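Q: Supplied structure: my_file-v9.cif, mmCIF, C-alpha atoms.
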```
data_entry
#
loop_
_atom_site.label_atom_id
_atom_site.label_comp_id
_atom_site.auth_asym_id
_atom_site.auth_seq_id
_atom_site.Cartn_x
_atom_site.Cartn_y
_atom_site.Cartn_z
CA MET V 1 5.77 -77.21 27.34
CA SER V 2 6.44 -75.40 30.55
CA ARG V 3 9.05 -77.79 31.89
CA ARG V 4 12.01 -75.96 33.32
CA SER V 5 15.26 -75.95 31.42
CA TRP V 6 17.68 -75.50 34.32
CA PRO V 7 18.27 -79.20 35.13
CA PHE V 8 19.05 -79.88 31.48
CA VAL V 9 21.32 -76.85 31.29
CA LEU V 10 23.30 -77.93 34.36
CA GLY V 11 23.70 -81.44 32.93
CA GLY V 12 24.86 -80.05 29.60
CA LEU V 13 27.29 -77.76 31.35
CA LEU V 14 28.86 -80.75 33.13
CA ILE V 15 29.37 -82.47 29.77
CA ALA V 16 30.95 -79.31 28.33
CA LEU V 17 33.28 -79.09 31.34
CA LEU V 18 34.31 -82.71 30.86
CA LEU V 19 34.99 -82.17 27.13
CA ALA V 20 37.00 -78.98 27.65
CA GLY V 21 38.66 -80.11 30.86
CA VAL V 22 39.71 -83.65 29.95
CA VAL V 23 38.96 -84.68 26.36
CA SER V 24 40.64 -81.52 25.02
CA ASN V 25 44.01 -83.08 25.85
CA TYR V 26 43.44 -85.68 23.17
CA ALA V 27 42.67 -83.14 20.43
CA SER V 28 44.78 -83.03 17.27
CA ALA V 29 47.61 -80.51 17.43
CA HIS V 30 47.86 -80.15 13.65
CA PRO V 31 47.02 -76.76 12.08
CA ASP V 32 43.35 -76.45 11.15
CA GLY V 33 41.93 -76.30 7.64
CA LEU V 34 42.39 -72.55 7.27
CA ASP V 35 45.90 -72.38 8.70
CA SER V 36 47.10 -75.31 6.63
CA SER V 37 45.59 -73.85 3.45
CA LEU V 38 47.31 -70.54 4.12
CA LEU V 39 50.69 -72.22 4.64
CA LYS V 40 50.62 -73.89 1.23
CA GLY V 41 53.82 -72.78 -0.53
CA CYS V 42 55.77 -72.01 2.64
CA THR V 43 58.08 -74.21 4.62
CA VAL V 44 57.57 -74.37 8.37
CA ASN V 45 59.71 -75.57 11.25
CA ALA V 46 58.68 -77.81 14.10
CA GLU V 47 57.12 -74.88 15.97
CA GLY V 48 54.96 -74.04 12.97
CA GLU V 49 56.88 -70.86 12.19
CA ILE V 50 57.34 -69.93 8.55
CA THR V 51 60.96 -70.43 7.45
CA GLY V 52 60.71 -69.69 3.75
CA GLY V 53 58.73 -69.80 0.55
CA SER V 54 55.68 -67.79 -0.42
CA CYS V 55 52.16 -68.40 0.88
CA PRO V 56 49.06 -66.43 1.89
CA ALA V 57 50.06 -66.56 5.57
CA GLN V 58 53.58 -65.19 5.16
CA LYS V 59 52.70 -61.79 6.60
CA SER V 60 50.88 -63.11 9.64
CA GLN V 61 51.60 -61.30 12.89
CA ARG V 62 51.56 -62.05 16.58
CA HIS V 63 48.28 -61.95 18.43
CA GLU V 64 47.65 -58.72 20.34
CA LEU V 65 47.10 -60.64 23.57
CA SER V 66 49.56 -63.49 23.16
CA ASP V 67 50.83 -62.72 26.67
CA SER V 68 47.40 -63.19 28.23
CA PRO V 69 47.45 -65.66 31.15
CA LEU V 70 45.24 -68.09 29.20
CA ALA V 71 46.76 -67.58 25.75
CA ASP V 72 46.84 -70.64 23.49
CA TYR V 73 44.54 -72.59 25.81
CA GLY V 74 46.99 -72.99 28.63
CA VAL V 75 47.28 -71.48 32.08
CA ARG V 76 50.51 -69.55 32.48
CA GLY V 77 52.55 -70.84 35.36
CA ILE V 78 51.27 -74.41 35.22
CA SER V 79 53.98 -76.58 33.74
CA ASN V 80 51.94 -79.78 33.57
CA GLY V 81 50.51 -79.69 30.05
CA PHE V 82 47.51 -81.88 30.81
CA LEU V 83 46.51 -79.76 33.79
CA SER V 84 47.21 -76.50 31.98
CA THR V 85 45.06 -77.33 28.93
CA GLY V 86 42.29 -78.84 31.02
CA LEU V 87 42.10 -75.96 33.46
CA SER V 88 42.07 -73.39 30.66
CA GLY V 89 39.21 -75.32 29.06
CA VAL V 90 37.23 -75.38 32.29
CA LEU V 91 37.76 -71.66 32.79
CA GLY V 92 36.77 -70.99 29.18
CA VAL V 93 33.53 -72.96 29.46
CA LEU V 94 32.58 -71.21 32.70
CA LEU V 95 33.50 -67.80 31.29
CA THR V 96 31.57 -68.37 28.06
CA PHE V 97 28.55 -69.61 29.98
CA ALA V 98 28.67 -66.67 32.38
CA LEU V 99 29.13 -64.09 29.63
CA GLY V 100 26.73 -65.62 27.11
CA GLY V 101 24.15 -66.75 29.63
CA GLY V 102 24.34 -63.42 31.45
CA LEU V 103 23.88 -61.34 28.31
CA PHE V 104 21.06 -63.53 27.03
CA TRP V 105 19.37 -63.40 30.45
CA LEU V 106 19.58 -59.59 30.48
CA ALA V 107 18.34 -59.32 26.89
CA ARG V 108 15.49 -61.80 27.32
CA ARG V 109 11.95 -60.83 26.63
CA ARG V 110 9.84 -60.34 29.71
CA GLY V 111 6.09 -60.49 29.85
CA PRO V 112 3.79 -62.37 27.50
CA ALA V 113 4.93 -63.77 24.19
CA PRO V 114 4.39 -61.52 21.21
CA ALA V 115 1.35 -62.56 19.21
CA GLY V 116 2.56 -64.44 16.18
CA ALA V 117 5.55 -63.02 14.42
CA SER V 118 4.61 -59.39 14.73
CA ALA V 119 5.22 -57.86 18.11
CA ALA V 120 2.87 -55.09 19.07
CA PRO V 121 4.47 -51.72 18.54
CA GLY V 122 5.19 -50.11 21.85
CA GLY V 123 6.09 -53.45 23.36
CA GLY V 124 5.45 -53.75 27.06
CA PRO V 125 2.19 -54.62 28.75
CA ALA V 126 -0.23 -51.80 29.26
CA GLY V 127 -0.76 -50.23 32.65
CA THR V 128 2.86 -50.15 33.75
CA ASP V 129 2.93 -46.40 33.83
CA ARG V 130 3.49 -45.32 37.39
CA PRO V 131 2.04 -41.91 38.20
CA ALA V 132 3.97 -41.84 41.45
CA SER V 133 7.30 -41.61 39.67
CA ARG V 134 6.11 -38.68 37.65
CA ALA V 135 4.94 -36.89 40.76
CA GLY V 136 8.26 -37.60 42.39
CA SER V 137 10.35 -36.22 39.57
CA ALA V 138 8.21 -33.11 39.38
CA GLY V 139 8.99 -32.29 42.98
CA MET I 1 38.90 -71.33 10.94
CA HIS I 2 40.11 -68.43 13.05
CA ILE I 3 41.98 -65.81 11.04
CA SER I 4 45.25 -64.66 12.63
CA ASN I 5 46.49 -61.09 12.58
CA GLY I 6 48.19 -59.87 9.44
CA ILE I 7 46.34 -62.17 7.04
CA ILE I 8 43.76 -59.59 5.91
CA ASP I 9 44.62 -55.88 5.76
CA GLY I 10 43.33 -53.34 8.25
CA PRO I 11 40.72 -51.47 6.18
CA VAL I 12 38.95 -54.63 5.03
CA ALA I 13 39.07 -56.01 8.58
CA ALA I 14 37.50 -52.77 9.83
CA ILE I 15 34.74 -52.86 7.22
CA PHE I 16 33.85 -56.40 8.18
CA GLY I 17 34.00 -55.36 11.83
CA ALA I 18 31.33 -52.74 11.17
CA LEU I 19 29.30 -55.20 9.11
CA ALA I 20 29.46 -57.84 11.84
CA LEU I 21 28.42 -55.31 14.48
CA ALA I 22 25.42 -54.24 12.42
CA VAL I 23 24.27 -57.82 11.78
CA LEU I 24 24.77 -58.84 15.42
CA THR I 25 22.74 -55.82 16.53
CA PHE I 26 19.94 -56.95 14.24
CA CYS I 27 20.27 -60.47 15.69
CA VAL I 28 19.82 -59.05 19.20
CA LEU I 29 16.68 -57.15 18.17
CA ARG I 30 15.19 -60.08 16.28
CA GLY I 31 16.45 -62.70 18.72
CA ARG I 32 14.75 -61.05 21.69
CA ARG I 33 11.43 -62.37 20.40
CA ASP I 34 12.79 -65.89 20.87
CA LEU I 35 14.64 -65.24 24.12
CA ASP I 36 12.44 -66.03 27.08
CA ASP I 37 13.15 -67.36 30.56
CA ARG I 38 13.69 -70.86 29.16
CA LEU I 39 15.71 -70.08 26.05
CA ALA I 40 18.18 -67.70 27.74
CA PRO I 41 19.92 -70.33 29.93
CA MET I 42 19.79 -72.79 27.03
CA ALA I 43 21.56 -70.23 24.82
CA GLY I 44 24.25 -69.80 27.47
CA LEU I 45 24.72 -73.57 27.49
CA VAL I 46 24.93 -73.70 23.69
CA ALA I 47 27.69 -71.06 23.73
CA ALA I 48 29.61 -72.90 26.46
CA PHE I 49 29.20 -76.23 24.67
CA ILE I 50 30.45 -74.80 21.38
CA PHE I 51 33.47 -73.35 23.18
CA ALA I 52 34.25 -76.78 24.61
CA VAL I 53 33.83 -78.69 21.36
CA GLN I 54 35.86 -76.11 19.41
CA MET I 55 38.81 -77.17 21.56
CA LEU I 56 38.50 -80.71 20.23
CA ASN I 57 40.38 -80.56 16.95
CA PHE I 58 39.90 -83.81 15.08
CA PRO I 59 42.31 -85.11 12.42
CA ILE I 60 41.07 -85.30 8.86
CA PHE I 61 42.28 -87.68 6.20
CA THR I 62 44.81 -85.31 4.74
CA ALA I 63 48.05 -85.73 6.62
CA GLY I 64 48.87 -83.06 9.15
CA VAL I 65 45.58 -81.16 9.02
CA SER I 66 42.89 -80.91 11.67
CA GLY I 67 39.46 -79.38 11.92
CA HIS I 68 37.06 -78.38 14.64
CA LEU I 69 33.39 -77.62 15.04
CA LEU I 70 32.23 -74.15 14.04
CA GLY I 71 28.83 -74.62 15.65
CA GLY I 72 26.57 -72.30 13.67
CA VAL I 73 24.16 -75.00 12.56
CA LEU I 74 24.17 -76.67 15.97
CA ALA I 75 23.24 -73.35 17.55
CA ALA I 76 20.59 -72.55 14.93
CA LEU I 77 18.92 -75.93 15.45
CA LEU I 78 18.90 -75.64 19.24
CA VAL I 79 18.14 -71.95 19.86
CA GLY I 80 17.20 -70.50 16.46
CA PRO I 81 19.24 -68.61 13.89
CA TRP I 82 19.27 -65.17 15.55
CA VAL I 83 20.24 -66.24 19.04
CA GLY I 84 22.38 -68.99 17.49
CA ALA I 85 24.56 -66.52 15.60
CA LEU I 86 24.97 -64.58 18.84
CA CYS I 87 26.08 -67.76 20.66
CA VAL I 88 28.87 -68.37 18.14
CA ALA I 89 29.86 -64.69 18.29
CA VAL I 90 30.17 -64.86 22.09
CA VAL I 91 32.49 -67.86 21.72
CA LEU I 92 34.65 -66.05 19.17
CA ILE I 93 34.87 -62.95 21.36
CA VAL I 94 35.99 -64.98 24.38
CA GLN I 95 38.54 -66.85 22.26
CA ALA I 96 40.01 -63.66 20.80
CA LEU I 97 40.09 -61.63 24.00
CA VAL I 98 41.09 -64.30 26.51
CA PHE I 99 42.68 -67.23 24.68
CA GLY I 100 44.64 -65.43 21.97
CA ASP I 101 42.80 -67.45 19.30
CA GLY I 102 41.89 -65.39 16.22
CA GLY I 103 43.28 -61.88 16.04
CA VAL I 104 41.38 -59.16 17.89
CA ALA I 105 41.74 -57.00 14.76
CA MET I 106 40.30 -59.91 12.73
CA LEU I 107 37.30 -60.43 15.03
CA GLY I 108 34.82 -58.89 12.58
CA LEU I 109 36.01 -61.19 9.81
CA ASN I 110 35.87 -64.26 12.02
CA ILE I 111 32.39 -63.37 13.29
CA THR I 112 31.26 -62.78 9.71
CA ASN I 113 32.49 -66.18 8.53
CA MET I 114 31.69 -68.46 11.43
CA ALA I 115 28.84 -66.77 13.31
CA ILE I 116 26.98 -65.05 10.48
CA ILE I 117 27.68 -66.80 7.15
CA GLY I 118 27.91 -70.25 8.71
CA THR I 119 24.68 -69.86 10.65
CA ALA I 120 22.76 -68.13 7.82
CA ALA I 121 23.73 -70.63 5.13
CA GLY I 122 23.02 -73.49 7.48
CA TYR I 123 19.67 -72.13 8.57
CA LEU I 124 18.43 -71.71 4.99
CA LEU I 125 19.12 -75.41 4.45
CA ILE I 126 17.59 -76.34 7.80
CA ALA I 127 14.37 -74.55 6.91
CA LEU I 128 14.25 -76.26 3.52
CA LEU I 129 15.18 -79.79 4.64
CA LEU I 130 12.87 -79.86 7.67
CA ARG I 131 10.02 -79.14 5.27
CA VAL I 132 10.99 -81.88 2.82
CA LEU I 133 12.25 -84.69 5.04
CA PRO I 134 10.13 -86.95 7.28
CA ARG I 135 9.44 -85.54 10.73
CA THR I 136 11.46 -88.16 12.56
CA ASN I 137 14.76 -88.19 14.37
CA ALA I 138 16.30 -89.64 11.21
CA GLY I 139 15.02 -86.66 9.26
CA LEU I 140 16.41 -84.34 11.91
CA ALA I 141 19.78 -86.12 11.78
CA ILE I 142 20.01 -85.82 7.99
CA THR I 143 18.99 -82.16 8.18
CA ALA I 144 21.65 -81.47 10.80
CA PHE I 145 24.39 -83.37 8.95
CA VAL I 146 23.80 -81.85 5.51
CA SER I 147 23.24 -78.30 6.77
CA ALA I 148 26.33 -78.41 8.98
CA LEU I 149 28.52 -79.80 6.20
CA VAL I 150 27.41 -77.21 3.66
CA SER I 151 27.64 -74.35 6.17
CA VAL I 152 31.34 -75.08 6.82
CA VAL I 153 32.18 -75.05 3.11
CA VAL I 154 30.23 -71.81 2.56
CA ALA I 155 31.92 -70.20 5.58
CA SER I 156 35.33 -71.17 4.16
CA GLN I 157 34.44 -69.34 0.96
CA GLY I 158 33.59 -66.28 3.04
CA PHE I 159 37.25 -66.22 3.94
CA VAL I 160 38.24 -66.52 0.27
CA LEU I 161 36.09 -63.48 -0.53
CA GLU I 162 37.76 -61.54 2.28
CA TYR I 163 41.20 -62.57 1.08
CA TRP I 164 40.29 -61.43 -2.41
CA LEU I 165 39.31 -58.04 -0.97
CA GLY I 166 42.17 -57.55 1.46
CA GLY I 167 44.65 -60.42 1.50
CA THR I 168 48.12 -59.29 2.53
CA THR I 169 50.02 -61.49 0.08
CA ASP I 170 49.63 -61.29 -3.69
CA LEU I 171 48.56 -64.71 -4.86
CA GLY I 172 49.54 -63.92 -8.43
CA GLY I 173 45.99 -64.31 -9.62
CA ASN I 174 45.67 -67.75 -8.10
CA LEU I 175 42.63 -67.02 -5.95
CA ALA I 176 40.83 -69.99 -7.48
CA GLY I 177 43.59 -72.22 -6.14
CA LEU I 178 43.01 -70.92 -2.62
CA ALA I 179 39.25 -71.30 -3.05
CA GLY I 180 39.67 -74.89 -4.18
CA THR I 181 42.06 -75.80 -1.36
CA MET I 182 39.77 -74.20 1.22
CA ALA I 183 36.66 -75.90 -0.17
CA GLY I 184 38.33 -79.30 -0.35
CA VAL I 185 39.72 -79.24 3.18
CA HIS I 186 36.49 -77.86 4.62
CA LEU I 187 34.42 -80.48 2.87
CA LEU I 188 36.30 -83.03 4.97
CA ILE I 189 36.03 -80.91 8.11
CA GLY I 190 32.34 -80.45 7.29
CA ILE I 191 31.82 -84.21 7.61
CA GLY I 192 33.08 -83.96 11.18
CA GLU I 193 30.91 -80.90 11.78
CA GLY I 194 27.92 -82.81 10.39
CA LEU I 195 28.50 -85.88 12.57
CA ILE I 196 28.95 -83.82 15.75
CA THR I 197 25.95 -81.62 14.98
CA ALA I 198 23.63 -84.51 14.13
CA THR I 199 24.68 -86.57 17.16
CA THR I 200 24.24 -83.66 19.55
CA VAL I 201 20.90 -82.44 18.21
CA VAL I 202 19.35 -85.91 18.03
CA THR I 203 20.52 -86.59 21.59
CA VAL I 204 18.83 -83.42 22.83
CA ALA I 205 15.74 -84.24 20.76
CA LYS I 206 15.48 -87.61 22.51
CA VAL I 207 15.99 -86.22 26.01
CA ARG I 208 14.15 -82.90 25.78
CA PRO I 209 12.49 -82.36 22.39
CA ASP I 210 10.83 -79.24 23.79
CA LEU I 211 14.27 -77.60 24.02
CA VAL I 212 15.07 -77.99 20.31
CA TYR I 213 14.11 -74.77 18.54
CA ALA I 214 13.96 -76.39 15.11
CA LEU I 215 11.33 -78.87 16.28
CA ARG I 216 8.91 -76.09 17.19
CA ALA I 217 8.28 -75.82 13.48
CA ARG I 218 6.94 -79.38 13.53
CA ARG I 219 3.85 -78.34 15.43
CA PRO I 220 2.04 -76.04 13.03
CA VAL I 221 1.93 -78.77 10.42
CA ALA I 222 -1.63 -79.63 11.38
CA PRO I 223 -3.67 -81.21 8.56
CA ALA I 224 -4.67 -78.47 6.17
CA ALA I 225 -6.30 -75.83 8.26
CA PRO I 226 -9.45 -74.39 6.74
CA THR I 227 -8.26 -71.66 4.46
CA VAL I 228 -10.07 -68.46 5.01
CA PRO I 229 -9.51 -65.87 2.35
CA VAL I 230 -7.99 -62.82 3.93
CA ALA I 231 -8.40 -59.48 2.30
CA GLY I 232 -5.05 -58.29 1.03
CA GLY I 233 -3.38 -61.36 2.46
CA ALA I 234 -2.14 -62.75 -0.83
CA ARG I 235 1.56 -62.66 -1.43
#
```
Go ahead and render the structure in this file as structure tokens.

A:
Amino acid sequence: MSRRSWPFVLGGLLIALLLAGVVSNYASAHPDGLDSSLLKGCTVNAEGEITGGSCPAQKSQRHELSDSPLADYGVRGISNGFLSTGLSGVLGVLLTFALGGGLFWLARRRGPAPAGASAAPGGGPAGTDRPASRAGSAG
Amino acid sequence: MHISNGIIDGPVAAIFGALALAVLTFCVLRGRRDLDDRLAPMAGLVAAFIFAVQMLNFPIFTAGVSGHLLGGVLAALLVGPWVGALCVAVVLIVQALVFGDGGVAMLGLNITNMAIIGTAAGYLLIALLLRVLPRTNAGLAITAFVSALVSVVVASQGFVLEYWLGGTTDLGGNLAGLAGTMAGVHLLIGIGEGLITATTVVTVAKVRPDLVYALRARRPVAPAAPTVPVAGGAR
């Protein structure tokens, strides 16, 4: 019950880094289910740009941040495709873990578990009121 | 299933942005009950893992089309529906703001489809199937596979609804055609989602069953506890 989760989390993180850093290079480059459905009725060139016809995606626009250094899962300035994709994946996993893990850590519940499903109104454990702080602010 | 800019018009995108923000806020409030010192790092891992696996587009039978994990059901099984939806949302935010994947203006729509609808639809099935199926790893695998598959198809129909409300190109009344295409393709992608979800969850259940949120529900199934009538407790 009270086993720590950190060793498992570090192991899982290594697997995620391996998937995003190496295996990602073997992913399919075809458009995904949504993009391909939206292109039905249009003709596209080798770069995937719409050249004619009528389809739900015909008014699609550029991404706001298409010039970002990691746009399209590559690192700008690295010409080796394998390295570029892999490095962007590694950075993405670390960034997602830092952002997600950090926010979840900050938002986590401290103190004892709420009894059952209904948390006591007022939340925190009793007796945390510090008279000293009140005295300080009064002065 | 990331929507690019210009596919859905601005007002509808903004409405779904507000909707997504409201639901995610509720998820934070409700999810805090689940988030303790052990679940928080696990939730960070789930988000990072989903990011990694979303990069791994797999080909489906139809020529020239790929699919990738959405992750809502995987997250719901491992860290619960509330925190799980937040995990997927974190992934989508990183993808939109850093990797140029999914328009920033479309973020509310993408969060609605993949983080909220996908997780909610999946979790309803998870709750049902875990009650009906045997409490074994096989039962867990079937639960994961079916819930993940269905959640992808339902999420794809979320997009169809949004396109009906604010699609930028007139389909000439052929919304049903788009709905059918989306459902068909995502049924195939859903098989991949189901296989990845089942494999991952069963692997975690074998290594550290205590870290699988969905298995916590196994415990209270003690043989019929003595039923004490509670005043006003009837539903």

Q: How close does each residue of chain I get to chain V, giving the shortest atom pair and distance in Å to one decimal for every residue with an atom at most 6 Å away, counting all atoms listed in the file, sorted by chain and residue number, as a Markdown table?

A:
```
| residue | atom | partner | partner_atom | distance |
| --- | --- | --- | --- | --- |
| I:Met1 | CA | V:Leu34 | CA | 5.2 |
| I:Asn5 | CA | V:Gln61 | CA | 5.1 |
| I:Gly6 | CA | V:Ser60 | CA | 4.2 |
| I:Ile7 | CA | V:Ser60 | CA | 5.3 |
| I:Arg32 | CA | V:Arg109 | CA | 5.7 |
| I:Leu35 | CA | V:Arg108 | CA | 4.8 |
| I:Asp36 | CA | V:Arg108 | CA | 5.2 |
| I:Arg38 | CA | V:Ser5 | CA | 5.8 |
| I:Ala40 | CA | V:Phe104 | CA | 5.1 |
| I:Pro41 | CA | V:Gly101 | CA | 5.5 |
| I:Gly44 | CA | V:Gly101 | CA | 3.7 |
| I:Ala48 | CA | V:Phe97 | CA | 4.9 |
| I:Phe49 | CA | V:Ala16 | CA | 5.1 |
| I:Ala52 | CA | V:Ala20 | CA | 4.7 |
| I:Met55 | CA | V:Ser24 | CA | 5.9 |
| I:Leu56 | CA | V:Ala27 | CA | 4.8 |
| I:Asn57 | CA | V:Ala27 | CA | 4.9 |
| I:Phe58 | CA | V:Ser28 | CA | 5.4 |
| I:Pro59 | CA | V:Ser28 | CA | 5.8 |
| I:Gly64 | CA | V:His30 | CA | 5.5 |
| I:Val65 | CA | V:His30 | CA | 5.3 |
| I:Ser66 | CA | V:Asp32 | CA | 4.5 |
| I:Gly67 | CA | V:Asp32 | CA | 4.9 |
| I:Phe99 | CA | V:Ala71 | CA | 4.2 |
| I:Gly100 | CA | V:Ala71 | CA | 4.8 |
| I:Gly103 | CA | V:His63 | CA | 5.5 |
| I:Thr169 | CA | V:Pro56 | CA | 5.3 |
| I:Val185 | CA | V:Gly33 | CA | 5.8 |
```

Q: Fewer than 3 positions away in the same chain doesn't count, so skip those; otherwise give me all residues within 7 Å of Leu109 in chain I, counting all atoms listed in the file, as a PyMOL selection string.

A: chain I and resi 13+16-17+106+112-113

Q: Smallest atom-to-atom distance to Ala47 in chain I: which of I:Ala214, I:Ala138, I:Ala115, I:Ala96, using all atoms listed in the file?

A: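 Checking each of I:Ala214, I:Ala138, I:Ala115, I:Ala96 against Ala47 in chain I, counting all atoms listed in the file, the winner is I:Ala115.
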
Q: Expressed in Å to a single decimal, how great is the separation between CA of Ala144 in chain I and CA of Gly184 in chain I?

A: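 One can read the CA of Ala144 in chain I to CA of Gly184 in chain I distance as 20.2 Å.
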
Q: For this structure, which residues satisfy the selection - the PyMOL selection byres ((chain I and resi 20) around 9) - when it is evaluated on the file as given? I want them as a list in words.

A: Ile15, Phe16, Gly17, Ala18, Leu19, Leu21, Ala22, Val23, Leu24, Thr25, Leu107, Gly108, Leu109, Ile111, Thr112 and Ile116 of chain I

Q: Using the chain letters and numbers from this file, what does the PyMOL selection byres ((chain I and resi 73-82) around 6) select? Give the answer as a list of chain:residue names.

A: I:Cys27, I:Gly31, I:Gly71, I:Gly72, I:Val83, I:Gly84, I:Ala85, I:Thr119, I:Gly122, I:Ala148, I:Thr197, I:Val212, I:Tyr213, I:Ala214

Q: From the set I:Phe26, I:Ile189, I:Asp34, I:Val160, which residue has the shortest atom-to-atom contact distance to Gly177 in chain I, counting all atoms listed in the file?

A: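 Among the listed residues, the smallest separation from Gly177 in chain I belongs to I:Val160.
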
Q: Would you mind telling me which residue in I:Ala89, I:Ile196, I:Leu215, I:Val154 lies nearest to Ala179 in chain I when using only C-alpha atoms?

A: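 Of all the options, I:Val154 lies closest to Ala179 in chain I.
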
Q: By how many Å are CA of Thr143 in chain I and CA of Leu130 in chain I apart?

A: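 Between CA of Thr143 in chain I and CA of Leu130 in chain I the gap works out to 6.6 Å.
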
Q: So how many Å separate CA of Asn174 in chain I and CA of Gly10 in chain I, to one decimal?

A: 21.9 Å

Q: Considering all atoms listed in the file, can you say which of V:Leu39, V:Asn45, V:Pro7, V:Gly86 comes closest to Met182 in chain I?

A: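 Ranked by minimum distance to Met182 in chain I, first place goes to V:Leu39.
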
Q: Take the point (62.8, -72.1, 5.2) as written in the file and pick out every residue within 6 Å of it, counting all atoms listed in the file; give the list as an MDAnalysis selection string.

A: chainID V and resid 43 51:52

Q: When distances are computed from only C-alpha atoms, which of I:Arg216, I:Asp210, I:Ser147, I:Pro11 shows the smallest separation from Met42 in chain I?

A: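 Between I:Arg216, I:Asp210, I:Ser147, I:Pro11, the residue approaching Met42 in chain I most closely is I:Asp210.
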